[in-house]
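Heads up: the structure comes next, in structure tokens.
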Amino acid sequence: MAKIDDIDKKILAFLHEDAFLSNKEMATRLGMSATPIHERIKRMEKEGVITGYRAMINPAKLGKSLTVFCDISLKEHAAEYLNQFEKDVMNLAEVQECYCVSGHSDFLLKIVVTDMDEYREFILHKLASIKNIGNAQSHFVMNEVENEHFMPWISNSLTK
């Protein structure tokens, strides 16, 4: 686990809120110079605390308005089967996220498609072609309540 202090947490909160915020602006807000801010960010990138910077895209604005969470149970659970499933499923463009989970299923997939017709085609012609799937249970998102990926333990650093 990386060791981060309160200043690092504040930098993370700033970047989490606005990845375009300059080192100079963060330094001003923290009463520091820009150089130590830059050094801290580079250290956190090197340590893997900061894993990248990306734009958050609204799939609905691009015509992809149906989000489905799909529980997948495999027939066989040997490591080779698990690894092959992960490899196969991540090659499907519709699959945005894949988690190996505990409980009644083995994997949870987040799938984003245009509509129910596209989802049906995905299930019948893509997902069904992956070997070793025993069961698939779909959960259709009716309303997205939260999708900020905001980490409250970091954002709380701004109020301290």
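Ligands are numbered from 1 in the order shown, chains are lettered A, B, ... in the order of the structure tokens, and residues start at 1 in each chain.
Excluding Glu94 (chain A) itself and any same-chain residue fewer than 3 positions from it, the protein and nucleic acid residues within 7 Å of it, counting only C-alpha atoms, are Ile111, Val112 and Val113 of chain A.
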Could you go through region 25-151 of chain A and tell me which residues DSSP, when run on the backbone, assigns to helix (DSSP H, G or I), listing them as a PyMOL selection string? chain A and resi 25-30+34-46+59-62+79-89+116-129
Arg43 (chain A) proximity check over A:Ala2, A:Phe122, A:Ile130, A:Leu82, using only C-alpha atoms: winner is A:Ala2
Nearest to Val141 (chain A), restricted to only C-alpha atoms and choosing among A:Lys110, A:His104, A:Lys42, A:Lys3, comes out as A:Lys110
Residues near region 23-37 of chain A, cut-off 10 Å, only C-alpha atoms, skip fewer than 2 positions along chain, as a list in words
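The residues that qualify are Ile7, Asp8, Lys10, Ile11, Phe14, Leu15, Phe20, Leu21, Glu39, Arg40, Ile41, Lys42 and Arg43 of chain A.
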**Message:** One number please: CA of His139 (chain A) to CA of Arg54 (chain A), in Å, one decimal.
**Reply:**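 That distance, rounded to one decimal, is 27.1 Å.
When only C-alpha atoms are used to measure the gap to Asp71 (chain A), the shortest distance among A:Gln96, A:Ser129, A:Asn143, A:Gln137 belongs to A:Gln137.
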